[in-house]
Amino acid sequence: MSNVVHKLTNHEIQQLMSKINCDTGNLPQGMKAKAKYKNTSISIYNSNKVMFQGKEATTVAAQLLPNHANTQATPKKSTKQAMINYNQFQCIGSDEAGSGDYFGPLTVCAAYVSKKHVQVLKELGVDDSKKLTDKKIVELAEQIVTFLPHSLLTMHNTKYNDRQLAGWSQVKMKAVLHNEAIKNVVNKIDTTELDYIVIDQFAERGVYTRYALTELPHSDKTKFETKGESKSIAIAAASIISRYAFVKCMDQISAETLREIPKGASNKVDLAAAKIIEQKGISYLDSISKKHFANRKKALALVDKKHRS
């Protein structure tokens, strides 16, 4: 099975949809329409990117989009040779978001990327999520969740704070969530085709194994990589999905408080937390934040200073 992706103009999208019988109902977020044409699946996204999937994907794409027949990007050869080029293999990648942010939950995603999807993800623009804007992350995530087997887990702040009070370190929380997400994906795929499980390293293997509570699935295939998003597109995809979930939760907090909620743990975060204490009280603040961060004490001090002045 081959995959072809093209970026079209609005006019080209309309022309394409007029040529095929499109389904526009009950679609995943991020998708504008889908269709079956000559045994080829066609997915049209809100970003105006179109993906053709099937044995005749290249032929069908060339037939329906003659002006794009010769515009397929060719993979660039890397000048750096990693010990393992994960993008040549079938991999589960896992990553998390929110661990360094006072506000918002901890989100973890594991995603399976087969060799046939590597080039598709590259053409869609999947990259290190730290290089992408929130808007781009949302756009990409809503596309890739439609075809990548994945598991997304969210530890909301109330549960996070309970676990932290019970003595769990953040590393233990992440290890448990990563391992659970990976197990969920393993159960969704044919593991005879799985080459590697690649985890964006936040702890040494021994520490991860000790904290994970359950055995690592396919431990012999599991690798830990620092700066994993640049080494494995499976990790990059997982990072985008986990960041997407975090961004959506932050948007919900902004809607509830009617104010912009800053990410990270800077002085701006202290000020926002202080305003939320005055607006909704400390209990509400604790329900949307990680209590053990120093920002909480700083926000309380700001409120106290204001009341004393």
# chains A, B, ... in the order shown; residues from 1 in each chain; ligands from 1
call {"tool": "closest_atom_pairs", "arguments": {"of": "range 54-165 of chain A", "to": "range 30-33 of chain A", "cutoff": "8 Å", "atoms": "only C-alpha atoms", "output": "JSON lines"}}
result
{"residue": "A:Glu139", "atom": "CA", "partner": "A:Gly30", "partner_atom": "CA", "distance": 6.6}
{"residue": "A:Glu142", "atom": "CA", "partner": "A:Gly30", "partner_atom": "CA", "distance": 4.7}
{"residue": "A:Gln143", "atom": "CA", "partner": "A:Gly30", "partner_atom": "CA", "distance": 5.7}
call {"tool": "closest_atom_pairs", "arguments": {"of": "range 134-228 of chain A", "to": "range 248-268 of chain A", "cutoff": "12 Å", "atoms": "only C-alpha atoms", "output": "Markdown table"}}
result
| residue | atom | partner | partner_atom | distance |
| --- | --- | --- | --- | --- |
| A:Asp134 | CA | A:Lys248 | CA | 9.6 |
| A:Lys135 | CA | A:Lys248 | CA | 10.7 |
| A:Ile137 | CA | A:Lys248 | CA | 10.6 |
| A:Val138 | CA | A:Lys248 | CA | 8.5 |
| A:Ala141 | CA | A:Lys248 | CA | 11.3 |
| A:Glu142 | CA | A:Lys248 | CA | 11.7 |
| A:Thr154 | CA | A:Cys249 | CA | 9.6 |
| A:Met155 | CA | A:Cys249 | CA | 11.1 |
| A:His156 | CA | A:Cys249 | CA | 9.1 |
| A:Asn157 | CA | A:Cys249 | CA | 10.6 |
call {"tool": "write_last_selection", "arguments": {"atoms": "all heavy atoms", "output": "PDB file, in the first residue's frame"}}
result
ATOM      1  N   ASP A 134       1.154  26.319  18.719  1.00  0.00           N
ATOM      2  CA  ASP A 134       0.000  25.566  19.203  1.00  0.00           C
ATOM      3  C   ASP A 134      -1.018  25.350  18.086  1.00  0.00           C
ATOM      4  O   ASP A 134      -1.626  24.282  17.984  1.00  0.00           O
ATOM      5  CB  ASP A 134      -0.663  26.304  20.370  1.00  0.00           C
ATOM      6  CG  ASP A 134       0.152  26.195  21.654  1.00  0.00           C
ATOM      7  OD1 ASP A 134       1.123  25.415  21.681  1.00  0.00           O
ATOM      8  OD2 ASP A 134      -0.178  26.899  22.630  1.00  0.00           O
ATOM      9  N   LYS A 135      -1.197  26.364  17.252  1.00  0.00           N
ATOM     10  CA  LYS A 135      -2.149  26.252  16.141  1.00  0.00           C
ATOM     11  C   LYS A 135      -1.746  25.124  15.197  1.00  0.00           C
ATOM     12  O   LYS A 135      -2.594  24.328  14.759  1.00  0.00           O
ATOM     13  CB  LYS A 135      -2.218  27.574  15.379  1.00  0.00           C
ATOM     14  CG  LYS A 135      -3.210  27.567  14.221  1.00  0.00           C
ATOM     15  CD  LYS A 135      -3.241  28.920  13.506  1.00  0.00           C
ATOM     16  CE  LYS A 135      -4.217  28.891  12.333  1.00  0.00           C
ATOM     17  NZ  LYS A 135      -4.230  30.188  11.612  1.00  0.00           N
ATOM     18  N   ILE A 137       0.168  22.544  15.945  1.00  0.00           N
ATOM     19  CA  ILE A 137       0.054  21.271  16.665  1.00  0.00           C
ATOM     20  C   ILE A 137      -1.379  20.759  16.595  1.00  0.00           C
ATOM     21  O   ILE A 137      -1.624  19.574  16.344  1.00  0.00           O
ATOM     22  CB  ILE A 137       0.519  21.443  18.125  1.00  0.00           C
ATOM     23  CG1 ILE A 137       2.053  21.508  18.174  1.00  0.00           C
ATOM     24  CG2 ILE A 137       0.011  20.301  19.009  1.00  0.00           C
ATOM     25  CD1 ILE A 137       2.625  21.926  19.489  1.00  0.00           C
ATOM     26  N   VAL A 138      -2.338  21.643  16.824  1.00  0.00           N
ATOM     27  CA  VAL A 138      -3.749  21.249  16.763  1.00  0.00           C
ATOM     28  C   VAL A 138      -4.095  20.759  15.355  1.00  0.00           C
ATOM     29  O   VAL A 138      -4.740  19.717  15.182  1.00  0.00           O
ATOM     30  CB  VAL A 138      -4.662  22.428  17.172  1.00  0.00           C
ATOM     31  CG1 VAL A 138      -6.125  22.120  16.851  1.00  0.00           C
ATOM     32  CG2 VAL A 138      -4.496  22.740  18.661  1.00  0.00           C
ATOM     33  N   ALA A 141      -2.309  17.311  14.782  1.00  0.00           N
ATOM     34  CA  ALA A 141      -2.854  16.240  15.620  1.00  0.00           C
ATOM     35  C   ALA A 141      -4.205  15.769  15.106  1.00  0.00           C
ATOM     36  O   ALA A 141      -4.480  14.560  15.058  1.00  0.00           O
ATOM     37  CB  ALA A 141      -2.967  16.709  17.071  1.00  0.00           C
ATOM     38  N   GLU A 142      -5.046  16.706  14.703  1.00  0.00           N
ATOM     39  CA  GLU A 142      -6.380  16.343  14.235  1.00  0.00           C
ATOM     40  C   GLU A 142      -6.339  15.579  12.917  1.00  0.00           C
ATOM     41  O   GLU A 142      -7.312  14.906  12.560  1.00  0.00           O
ATOM     42  CB  GLU A 142      -7.256  17.602  14.121  1.00  0.00           C
ATOM     43  CG  GLU A 142      -7.600  18.171  15.493  1.00  0.00           C
ATOM     44  CD  GLU A 142      -8.493  19.396  15.440  1.00  0.00           C
ATOM     45  OE1 GLU A 142      -8.654  19.977  14.339  1.00  0.00           O
ATOM     46  OE2 GLU A 142      -9.008  19.796  16.500  1.00  0.00           O
ATOM     47  N   THR A 154      -4.406  11.148  29.940  1.00  0.00           N
ATOM     48  CA  THR A 154      -4.329  12.449  30.602  1.00  0.00           C
ATOM     49  C   THR A 154      -4.483  12.271  32.105  1.00  0.00           C
ATOM     50  O   THR A 154      -5.488  11.718  32.570  1.00  0.00           O
ATOM     51  CB  THR A 154      -5.434  13.391  30.091  1.00  0.00           C
ATOM     52  OG1 THR A 154      -5.272  13.585  28.687  1.00  0.00           O
ATOM     53  CG2 THR A 154      -5.364  14.747  30.792  1.00  0.00           C
ATOM     54  N   MET A 155      -3.471  12.709  32.867  1.00  0.00           N
ATOM     55  CA  MET A 155      -3.564  12.727  34.325  1.00  0.00           C
ATOM     56  C   MET A 155      -3.930  14.146  34.731  1.00  0.00           C
ATOM     57  O   MET A 155      -3.095  15.050  34.727  1.00  0.00           O
ATOM     58  CB  MET A 155      -2.250  12.302  34.986  1.00  0.00           C
ATOM     59  CG  MET A 155      -2.344  12.275  36.508  1.00  0.00           C
ATOM     60  SD  MET A 155      -0.813  11.701  37.312  1.00  0.00           S
ATOM     61  CE  MET A 155      -1.002   9.927  37.161  1.00  0.00           C
ATOM     62  N   HIS A 156      -5.221  14.346  35.035  1.00  0.00           N
ATOM     63  CA  HIS A 156      -5.695  15.674  35.386  1.00  0.00           C
ATOM     64  C   HIS A 156      -5.133  16.098  36.742  1.00  0.00           C
ATOM     65  O   HIS A 156      -4.661  15.268  37.524  1.00  0.00           O
ATOM     66  CB  HIS A 156      -7.220  15.714  35.362  1.00  0.00           C
ATOM     67  CG  HIS A 156      -7.791  15.599  33.986  1.00  0.00           C
ATOM     68  ND1 HIS A 156      -7.744  16.639  33.077  1.00  0.00           N
ATOM     69  CD2 HIS A 156      -8.384  14.555  33.342  1.00  0.00           C
ATOM     70  CE1 HIS A 156      -8.306  16.257  31.941  1.00  0.00           C
ATOM     71  NE2 HIS A 156      -8.690  14.996  32.071  1.00  0.00           N
ATOM     72  N   ASN A 157      -5.215  17.380  37.011  1.00  0.00           N
ATOM     73  CA  ASN A 157      -4.495  17.939  38.154  1.00  0.00           C
ATOM     74  C   ASN A 157      -4.919  17.366  39.507  1.00  0.00           C
ATOM     75  O   ASN A 157      -4.076  17.174  40.389  1.00  0.00           O
ATOM     76  CB  ASN A 157      -4.635  19.456  38.157  1.00  0.00           C
ATOM     77  CG  ASN A 157      -3.918  20.084  36.982  1.00  0.00           C
ATOM     78  OD1 ASN A 157      -4.545  20.491  36.016  1.00  0.00           O
ATOM     79  ND2 ASN A 157      -2.593  20.141  37.029  1.00  0.00           N
TER      80      ASN A 157
END
call {"tool": "atom_distance", "arguments": {"atom1": "CA of Gln119 in chain A", "atom2": "CA of Asn87 in chain A"}}
result
9.0 Å
call {"tool": "residues_around", "arguments": {"residues": "Asn184 in chain A", "least_positions_apart": "4", "cutoff": "9 Å", "atoms": "only C-alpha atoms", "output": "PyMOL selection string"}}
result
chain A and resi 110+150-151+179-180+188
call {"tool": "write_last_selection", "arguments": {"atoms": "N, CA, C and O atoms", "output": "PDB file, in the first residue's frame"}}
result
ATOM      1  N   ALA A 110       1.368   7.398  23.212  1.00  0.00           N
ATOM      2  CA  ALA A 110       2.175   6.441  22.451  1.00  0.00           C
ATOM      3  C   ALA A 110       1.505   6.275  21.098  1.00  0.00           C
ATOM      4  O   ALA A 110       0.269   6.208  21.021  1.00  0.00           O
ATOM      5  N   HIS A 150      -2.952   4.800  18.253  1.00  0.00           N
ATOM      6  CA  HIS A 150      -2.323   5.538  19.343  1.00  0.00           C
ATOM      7  C   HIS A 150      -3.119   5.379  20.628  1.00  0.00           C
ATOM      8  O   HIS A 150      -4.266   4.934  20.621  1.00  0.00           O
ATOM      9  N   SER A 151      -2.499   5.761  21.728  1.00  0.00           N
ATOM     10  CA  SER A 151      -3.165   5.800  23.024  1.00  0.00           C
ATOM     11  C   SER A 151      -2.775   7.103  23.703  1.00  0.00           C
ATOM     12  O   SER A 151      -1.580   7.387  23.862  1.00  0.00           O
ATOM     13  N   ASN A 179       4.181   3.558  30.123  1.00  0.00           N
ATOM     14  CA  ASN A 179       4.091   2.109  29.986  1.00  0.00           C
ATOM     15  C   ASN A 179       2.663   1.666  29.682  1.00  0.00           C
ATOM     16  O   ASN A 179       2.435   0.758  28.874  1.00  0.00           O
ATOM     17  N   GLU A 180       1.684   2.342  30.301  1.00  0.00           N
ATOM     18  CA  GLU A 180       0.280   1.997  30.063  1.00  0.00           C
ATOM     19  C   GLU A 180      -0.124   2.355  28.628  1.00  0.00           C
ATOM     20  O   GLU A 180      -0.813   1.574  27.958  1.00  0.00           O
ATOM     21  N   LYS A 188      -3.304  -2.938  19.968  1.00  0.00           N
ATOM     22  CA  LYS A 188      -4.041  -2.504  18.774  1.00  0.00           C
ATOM     23  C   LYS A 188      -3.382  -2.935  17.468  1.00  0.00           C
ATOM     24  O   LYS A 188      -3.964  -2.757  16.400  1.00  0.00           O
TER      25      LYS A 188
END
call {"tool": "select_by_dssp", "arguments": {"residues": "range 87-292 of chain A", "states": "helix (DSSP H, G or I)", "output": "MDAnalysis selection string"}}
result
chainID A and resid 87:88 115:124 129:131 134:144 157:165 170:186 191:193 205:211 219:221 228:230 233:257 267:280 282:287
call {"tool": "write_last_selection", "arguments": {"atoms": "C-alpha atoms", "output": "short mmCIF file (atom, residue, chain, number, x, y, z; two decimals), in the first residue's frame"}}
result
data_model
loop_
_atom_site.label_atom_id
_atom_site.label_comp_id
_atom_site.auth_asym_id
_atom_site.auth_seq_id
_atom_site.Cartn_x
_atom_site.Cartn_y
_atom_site.Cartn_z
CA ASN A 87 12.37 5.92 10.49
CA GLN A 88 13.33 2.89 8.44
CA LYS A 115 7.15 2.39 7.41
CA LYS A 116 4.36 3.28 4.96
CA HIS A 117 3.36 6.24 7.14
CA VAL A 118 6.80 7.76 7.70
CA GLN A 119 6.84 9.76 4.46
CA VAL A 120 3.18 10.71 4.89
CA LEU A 121 3.93 12.22 8.31
CA LYS A 122 6.90 14.10 6.89
CA GLU A 123 4.79 15.55 4.09
CA LEU A 124 2.11 16.59 6.55
CA SER A 129 6.57 19.79 18.72
CA LYS A 130 8.80 22.33 20.46
CA LYS A 131 9.37 23.93 17.05
CA ASP A 134 0.00 25.57 19.20
CA LYS A 135 -2.15 26.25 16.14
CA LYS A 136 0.04 23.98 13.99
CA ILE A 137 0.05 21.27 16.66
CA VAL A 138 -3.75 21.25 16.76
CA GLU A 139 -3.93 21.13 12.95
CA LEU A 140 -1.45 18.24 12.72
CA ALA A 141 -2.85 16.24 15.62
CA GLU A 142 -6.38 16.34 14.24
CA GLN A 143 -5.04 14.86 11.00
CA ILE A 144 -2.70 12.15 12.29
CA ASN A 157 -4.50 17.94 38.15
CA THR A 158 -6.64 16.52 40.96
CA LYS A 159 -5.29 13.01 40.40
CA TYR A 160 -1.78 14.36 39.79
CA ASN A 161 -1.84 16.19 43.13
CA ASP A 162 -3.20 13.11 44.93
CA ARG A 163 -0.40 10.94 43.51
CA GLN A 164 2.22 13.55 44.39
CA LEU A 165 0.88 13.76 47.97
CA GLN A 170 6.82 13.11 38.55
CA VAL A 171 9.21 10.58 37.02
CA LYS A 172 7.14 7.74 38.46
CA MET A 173 3.92 9.27 37.12
CA LYS A 174 5.44 9.54 33.66
CA ALA A 175 6.83 6.01 33.73
CA VAL A 176 3.44 4.55 34.69
CA LEU A 177 1.59 6.55 32.01
CA HIS A 178 4.14 5.83 29.27
CA ASN A 179 4.09 2.11 29.99
CA GLU A 180 0.28 2.00 30.06
CA ALA A 181 -0.03 3.94 26.79
CA ILE A 182 2.51 1.67 25.10
CA LYS A 183 0.66 -1.44 26.27
CA ASN A 184 -2.57 -0.02 24.87
CA VAL A 185 -0.99 0.51 21.45
CA VAL A 186 0.63 -2.94 21.48
CA THR A 191 3.24 -7.08 17.00
CA THR A 192 4.94 -9.43 14.57
CA GLU A 193 5.54 -6.33 12.44
CA ARG A 205 16.14 2.52 31.75
CA GLY A 206 16.59 1.03 35.23
CA VAL A 207 14.69 3.88 36.89
CA TYR A 208 11.88 3.67 34.34
CA THR A 209 11.59 -0.11 34.79
CA ARG A 210 11.46 0.23 38.58
CA TYR A 211 8.76 2.93 38.50
CA SER A 219 11.41 -5.09 26.60
CA ASP A 220 13.94 -6.49 24.12
CA LYS A 221 12.66 -4.06 21.47
CA GLY A 228 13.93 11.50 20.71
CA GLU A 229 11.68 13.70 18.56
CA SER A 230 14.63 14.43 16.27
CA ILE A 233 9.10 10.39 13.75
CA ALA A 234 7.01 8.03 15.90
CA ILE A 235 8.11 10.00 18.97
CA ALA A 236 7.47 13.26 17.11
CA ALA A 237 3.92 12.14 16.28
CA ALA A 238 3.29 11.05 19.88
CA SER A 239 4.65 14.38 21.10
CA ILE A 240 2.25 16.31 18.85
CA ILE A 241 -0.77 14.32 20.05
CA SER A 242 0.17 14.66 23.73
CA ARG A 243 0.84 18.38 23.27
CA TYR A 244 -2.50 18.73 21.49
CA ALA A 245 -4.32 17.26 24.50
CA PHE A 246 -2.42 19.60 26.84
CA VAL A 247 -3.22 22.67 24.71
CA LYS A 248 -6.92 21.74 24.62
CA CYS A 249 -7.00 21.45 28.44
CA MET A 250 -5.29 24.83 28.76
CA ASP A 251 -7.88 26.34 26.41
CA GLN A 252 -10.61 24.96 28.67
CA ILE A 253 -9.00 26.58 31.73
CA SER A 254 -8.79 29.88 29.84
CA ALA A 255 -12.50 29.61 29.02
CA GLU A 256 -13.40 28.90 32.65
CA THR A 257 -11.34 31.78 34.04
CA ASN A 267 6.80 35.02 36.83
CA LYS A 268 3.86 35.49 34.46
CA VAL A 269 2.48 32.22 35.81
CA ASP A 270 2.79 33.53 39.40
CA LEU A 271 0.77 36.61 38.48
CA ALA A 272 -1.92 34.60 36.70
CA ALA A 273 -2.19 32.22 39.66
CA ALA A 274 -2.55 35.14 42.07
CA LYS A 275 -5.39 36.59 39.99
CA ILE A 276 -7.13 33.21 39.92
CA ILE A 277 -6.88 32.95 43.72
CA GLU A 278 -8.63 36.30 43.99
CA GLN A 279 -11.16 35.36 41.32
CA LYS A 280 -12.04 31.76 42.24
CA ILE A 282 -7.18 28.58 46.24
CA SER A 283 -9.20 25.33 45.91
CA TYR A 284 -10.03 26.10 42.31
CA LEU A 285 -6.42 27.02 41.60
CA ASP A 286 -5.27 23.68 43.01
CA SER A 287 -7.76 21.87 40.75
#
call {"tool": "select_by_dssp", "arguments": {"residues": "range 3-223 of chain A", "states": "strand (DSSP E or B)", "output": "ChimeraX atom specification"}}
result
/A:3-7,23,31-37,40-45,49-54,91-97,103,106-113,150-155,196-200,222-223
call {"tool": "write_last_selection", "arguments": {"atoms": "N, CA and C atoms", "output": "compact mmCIF listing (two decimals), in the first residue's frame"}}
result
# COMPACT_ATOMS: atom_id res chain seq x y z
N ASN A 3 1.14 5.70 -0.09
CA ASN A 3 0.47 6.89 0.43
C ASN A 3 1.00 8.11 -0.30
N VAL A 4 0.09 9.02 -0.66
CA VAL A 4 0.47 10.25 -1.34
C VAL A 4 -0.23 11.41 -0.65
N VAL A 5 0.50 12.49 -0.39
CA VAL A 5 -0.08 13.67 0.25
C VAL A 5 0.18 14.89 -0.61
N HIS A 6 -0.86 15.72 -0.83
CA HIS A 6 -0.70 16.98 -1.56
C HIS A 6 -1.36 18.10 -0.78
N LYS A 7 -0.80 19.30 -0.85
CA LYS A 7 -1.41 20.51 -0.29
C LYS A 7 -2.08 21.26 -1.44
N ASP A 23 -17.95 11.91 1.42
CA ASP A 23 -18.72 11.80 2.65
C ASP A 23 -18.27 12.93 3.57
N MET A 31 -10.91 16.83 9.81
CA MET A 31 -11.15 16.29 8.47
C MET A 31 -12.35 16.97 7.83
N LYS A 32 -12.19 17.38 6.58
CA LYS A 32 -13.25 18.06 5.84
C LYS A 32 -14.14 17.08 5.10
N ALA A 33 -13.54 16.03 4.54
CA ALA A 33 -14.30 15.04 3.76
C ALA A 33 -13.46 13.79 3.56
N LYS A 34 -14.13 12.70 3.24
CA LYS A 34 -13.42 11.47 2.89
C LYS A 34 -14.16 10.79 1.75
N ALA A 35 -13.43 9.94 1.02
CA ALA A 35 -14.06 9.28 -0.12
C ALA A 35 -13.30 8.01 -0.47
N LYS A 36 -13.99 7.12 -1.19
CA LYS A 36 -13.37 5.94 -1.79
C LYS A 36 -13.46 6.11 -3.29
N TYR A 37 -12.33 5.97 -3.98
CA TYR A 37 -12.32 6.15 -5.43
C TYR A 37 -11.33 5.15 -6.03
N THR A 40 -9.13 3.37 -3.68
CA THR A 40 -8.19 4.25 -2.98
C THR A 40 -8.96 5.11 -1.97
N SER A 41 -8.45 5.16 -0.74
CA SER A 41 -9.07 6.01 0.29
C SER A 41 -8.52 7.43 0.15
N ILE A 42 -9.41 8.40 0.16
CA ILE A 42 -9.01 9.80 0.03
C ILE A 42 -9.48 10.56 1.26
N SER A 43 -8.56 11.18 1.98
CA SER A 43 -8.88 11.97 3.17
C SER A 43 -8.55 13.44 2.88
N ILE A 44 -9.54 14.30 3.03
CA ILE A 44 -9.36 15.74 2.79
C ILE A 44 -9.45 16.45 4.13
N TYR A 45 -8.38 17.14 4.51
CA TYR A 45 -8.29 17.76 5.83
C TYR A 45 -8.60 19.25 5.76
N LYS A 49 -4.80 19.77 3.10
CA LYS A 49 -3.95 18.66 2.67
C LYS A 49 -4.83 17.46 2.37
N VAL A 50 -4.45 16.72 1.33
CA VAL A 50 -5.22 15.56 0.89
C VAL A 50 -4.31 14.35 0.87
N MET A 51 -4.78 13.25 1.49
CA MET A 51 -3.99 12.03 1.53
C MET A 51 -4.71 10.93 0.76
N PHE A 52 -3.97 10.30 -0.17
CA PHE A 52 -4.45 9.16 -0.93
C PHE A 52 -3.78 7.90 -0.37
N GLN A 53 -4.58 6.86 -0.06
CA GLN A 53 -4.03 5.63 0.49
C GLN A 53 -4.56 4.43 -0.30
N GLY A 54 -3.65 3.56 -0.70
CA GLY A 54 -4.04 2.36 -1.43
C GLY A 54 -2.96 1.95 -2.41
N CYS A 91 7.73 1.45 14.26
CA CYS A 91 8.01 1.83 15.65
C CYS A 91 6.79 2.35 16.40
N ILE A 92 6.76 2.04 17.68
CA ILE A 92 5.90 2.76 18.62
C ILE A 92 6.78 3.81 19.29
N GLY A 93 6.34 5.06 19.25
CA GLY A 93 7.05 6.12 19.95
C GLY A 93 6.18 6.66 21.06
N SER A 94 6.80 7.15 22.14
CA SER A 94 6.00 7.74 23.22
C SER A 94 6.66 9.00 23.75
N ASP A 95 5.83 9.95 24.15
CA ASP A 95 6.31 11.23 24.68
C ASP A 95 5.21 11.83 25.54
N GLU A 96 5.56 12.89 26.29
CA GLU A 96 4.58 13.52 27.18
C GLU A 96 4.61 15.03 27.03
N ALA A 97 3.60 15.68 27.60
CA ALA A 97 3.53 17.14 27.61
C ALA A 97 2.99 17.58 28.97
N PHE A 103 0.36 25.13 35.35
CA PHE A 103 -1.05 24.93 35.01
C PHE A 103 -1.21 23.73 34.08
N LEU A 106 -0.88 16.47 33.07
CA LEU A 106 0.22 15.73 32.46
C LEU A 106 -0.38 14.81 31.41
N THR A 107 0.04 14.94 30.17
CA THR A 107 -0.51 14.12 29.09
C THR A 107 0.59 13.26 28.48
N VAL A 108 0.26 12.02 28.17
CA VAL A 108 1.22 11.09 27.58
C VAL A 108 0.57 10.39 26.40
N CYS A 109 1.32 10.26 25.32
CA CYS A 109 0.81 9.55 24.15
C CYS A 109 1.85 8.55 23.63
N ALA A 110 1.37 7.40 23.21
CA ALA A 110 2.17 6.44 22.45
C ALA A 110 1.50 6.28 21.10
N ALA A 111 2.29 6.24 20.04
CA ALA A 111 1.73 6.13 18.68
C ALA A 111 2.57 5.16 17.86
N TYR A 112 1.89 4.39 17.03
CA TYR A 112 2.57 3.42 16.15
C TYR A 112 2.68 3.99 14.75
N VAL A 113 3.90 4.02 14.24
CA VAL A 113 4.15 4.52 12.89
C VAL A 113 4.79 3.40 12.07
N HIS A 150 -2.95 4.80 18.25
CA HIS A 150 -2.32 5.54 19.34
C HIS A 150 -3.12 5.38 20.63
N SER A 151 -2.50 5.76 21.73
CA SER A 151 -3.17 5.80 23.02
C SER A 151 -2.77 7.10 23.70
N LEU A 152 -3.77 7.89 24.09
CA LEU A 152 -3.54 9.17 24.74
C LEU A 152 -4.08 9.11 26.16
N LEU A 153 -3.23 9.37 27.14
CA LEU A 153 -3.63 9.34 28.55
C LEU A 153 -3.43 10.71 29.17
N THR A 154 -4.41 11.15 29.94
CA THR A 154 -4.33 12.45 30.60
C THR A 154 -4.48 12.27 32.11
N MET A 155 -3.47 12.71 32.87
CA MET A 155 -3.56 12.73 34.32
C MET A 155 -3.93 14.15 34.73
N TYR A 196 10.62 -1.66 16.87
CA TYR A 196 11.13 -0.98 18.06
C TYR A 196 10.01 -0.25 18.80
N ILE A 197 10.21 -0.12 20.10
CA ILE A 197 9.44 0.81 20.93
C ILE A 197 10.45 1.85 21.40
N VAL A 198 10.22 3.11 21.04
CA VAL A 198 11.19 4.17 21.33
C VAL A 198 10.56 5.19 22.28
N ILE A 199 11.17 5.37 23.44
CA ILE A 199 10.66 6.29 24.46
C ILE A 199 11.56 7.51 24.54
N ASP A 200 10.95 8.69 24.49
CA ASP A 200 11.72 9.91 24.68
C ASP A 200 12.21 9.91 26.13
N THR A 222 12.66 -2.38 23.25
CA THR A 222 12.47 -1.03 23.79
C THR A 222 13.78 -0.26 23.89
N LYS A 223 13.77 0.97 23.35
CA LYS A 223 14.93 1.84 23.38
C LYS A 223 14.55 3.16 24.04
call {"tool": "closest_residue", "arguments": {"among": "A:Gln14, A:Asn295, A:Thr133, A:Gln29", "to": "Val145 in chain A", "atoms": "only C-alpha atoms"}}
result
A:Gln29
call {"tool": "decode", "arguments": {"residues": "range 212-226 of chain A", "atoms": "N, CA and C atoms", "output": "PDB file, in the first residue's frame"}}
result
ATOM      1  N   ALA A 212       7.672   1.802  36.638  1.00  0.00           N
ATOM      2  CA  ALA A 212       6.557   1.575  35.705  1.00  0.00           C
ATOM      3  C   ALA A 212       5.433   0.710  36.270  1.00  0.00           C
ATOM      4  N   LEU A 213       5.644   0.035  37.392  1.00  0.00           N
ATOM      5  CA  LEU A 213       4.667  -0.808  38.086  1.00  0.00           C
ATOM      6  C   LEU A 213       4.389  -2.120  37.364  1.00  0.00           C
ATOM      7  N   THR A 214       4.367  -2.120  36.049  1.00  0.00           N
ATOM      8  CA  THR A 214       4.148  -3.350  35.291  1.00  0.00           C
ATOM      9  C   THR A 214       5.322  -3.568  34.339  1.00  0.00           C
ATOM     10  N   GLU A 215       5.438  -4.787  33.844  1.00  0.00           N
ATOM     11  CA  GLU A 215       6.557  -5.118  32.959  1.00  0.00           C
ATOM     12  C   GLU A 215       6.486  -4.327  31.658  1.00  0.00           C
ATOM     13  N   LEU A 216       7.666  -4.031  31.113  1.00  0.00           N
ATOM     14  CA  LEU A 216       7.725  -3.366  29.821  1.00  0.00           C
ATOM     15  C   LEU A 216       7.277  -4.346  28.738  1.00  0.00           C
ATOM     16  N   PRO A 217       6.296  -3.981  27.911  1.00  0.00           N
ATOM     17  CA  PRO A 217       5.939  -4.864  26.799  1.00  0.00           C
ATOM     18  C   PRO A 217       7.078  -4.889  25.781  1.00  0.00           C
ATOM     19  N   HIS A 218       7.483  -6.073  25.361  1.00  0.00           N
ATOM     20  CA  HIS A 218       8.563  -6.213  24.377  1.00  0.00           C
ATOM     21  C   HIS A 218       9.817  -5.443  24.842  1.00  0.00           C
ATOM     22  N   SER A 219      10.247  -5.771  26.017  1.00  0.00           N
ATOM     23  CA  SER A 219      11.411  -5.092  26.603  1.00  0.00           C
ATOM     24  C   SER A 219      12.640  -5.180  25.706  1.00  0.00           C
ATOM     25  N   ASP A 220      12.780  -6.300  24.994  1.00  0.00           N
ATOM     26  CA  ASP A 220      13.936  -6.492  24.123  1.00  0.00           C
ATOM     27  C   ASP A 220      13.934  -5.533  22.934  1.00  0.00           C
ATOM     28  N   LYS A 221      12.761  -4.990  22.597  1.00  0.00           N
ATOM     29  CA  LYS A 221      12.659  -4.060  21.469  1.00  0.00           C
ATOM     30  C   LYS A 221      12.617  -2.597  21.926  1.00  0.00           C
ATOM     31  N   THR A 222      12.661  -2.376  23.245  1.00  0.00           N
ATOM     32  CA  THR A 222      12.470  -1.031  23.793  1.00  0.00           C
ATOM     33  C   THR A 222      13.782  -0.265  23.889  1.00  0.00           C
ATOM     34  N   LYS A 223      13.767   0.965  23.349  1.00  0.00           N
ATOM     35  CA  LYS A 223      14.931   1.840  23.379  1.00  0.00           C
ATOM     36  C   LYS A 223      14.548   3.165  24.035  1.00  0.00           C
ATOM     37  N   PHE A 224      15.521   3.796  24.685  1.00  0.00           N
ATOM     38  CA  PHE A 224      15.334   5.109  25.293  1.00  0.00           C
ATOM     39  C   PHE A 224      16.273   6.088  24.585  1.00  0.00           C
ATOM     40  N   GLU A 225      15.716   7.176  24.088  1.00  0.00           N
ATOM     41  CA  GLU A 225      16.508   8.129  23.318  1.00  0.00           C
ATOM     42  C   GLU A 225      16.337   9.550  23.851  1.00  0.00           C
ATOM     43  N   THR A 226      17.452  10.217  24.153  1.00  0.00           N
ATOM     44  CA  THR A 226      17.379  11.644  24.479  1.00  0.00           C
ATOM     45  C   THR A 226      17.130  12.425  23.186  1.00  0.00           C
TER      46      THR A 226
END
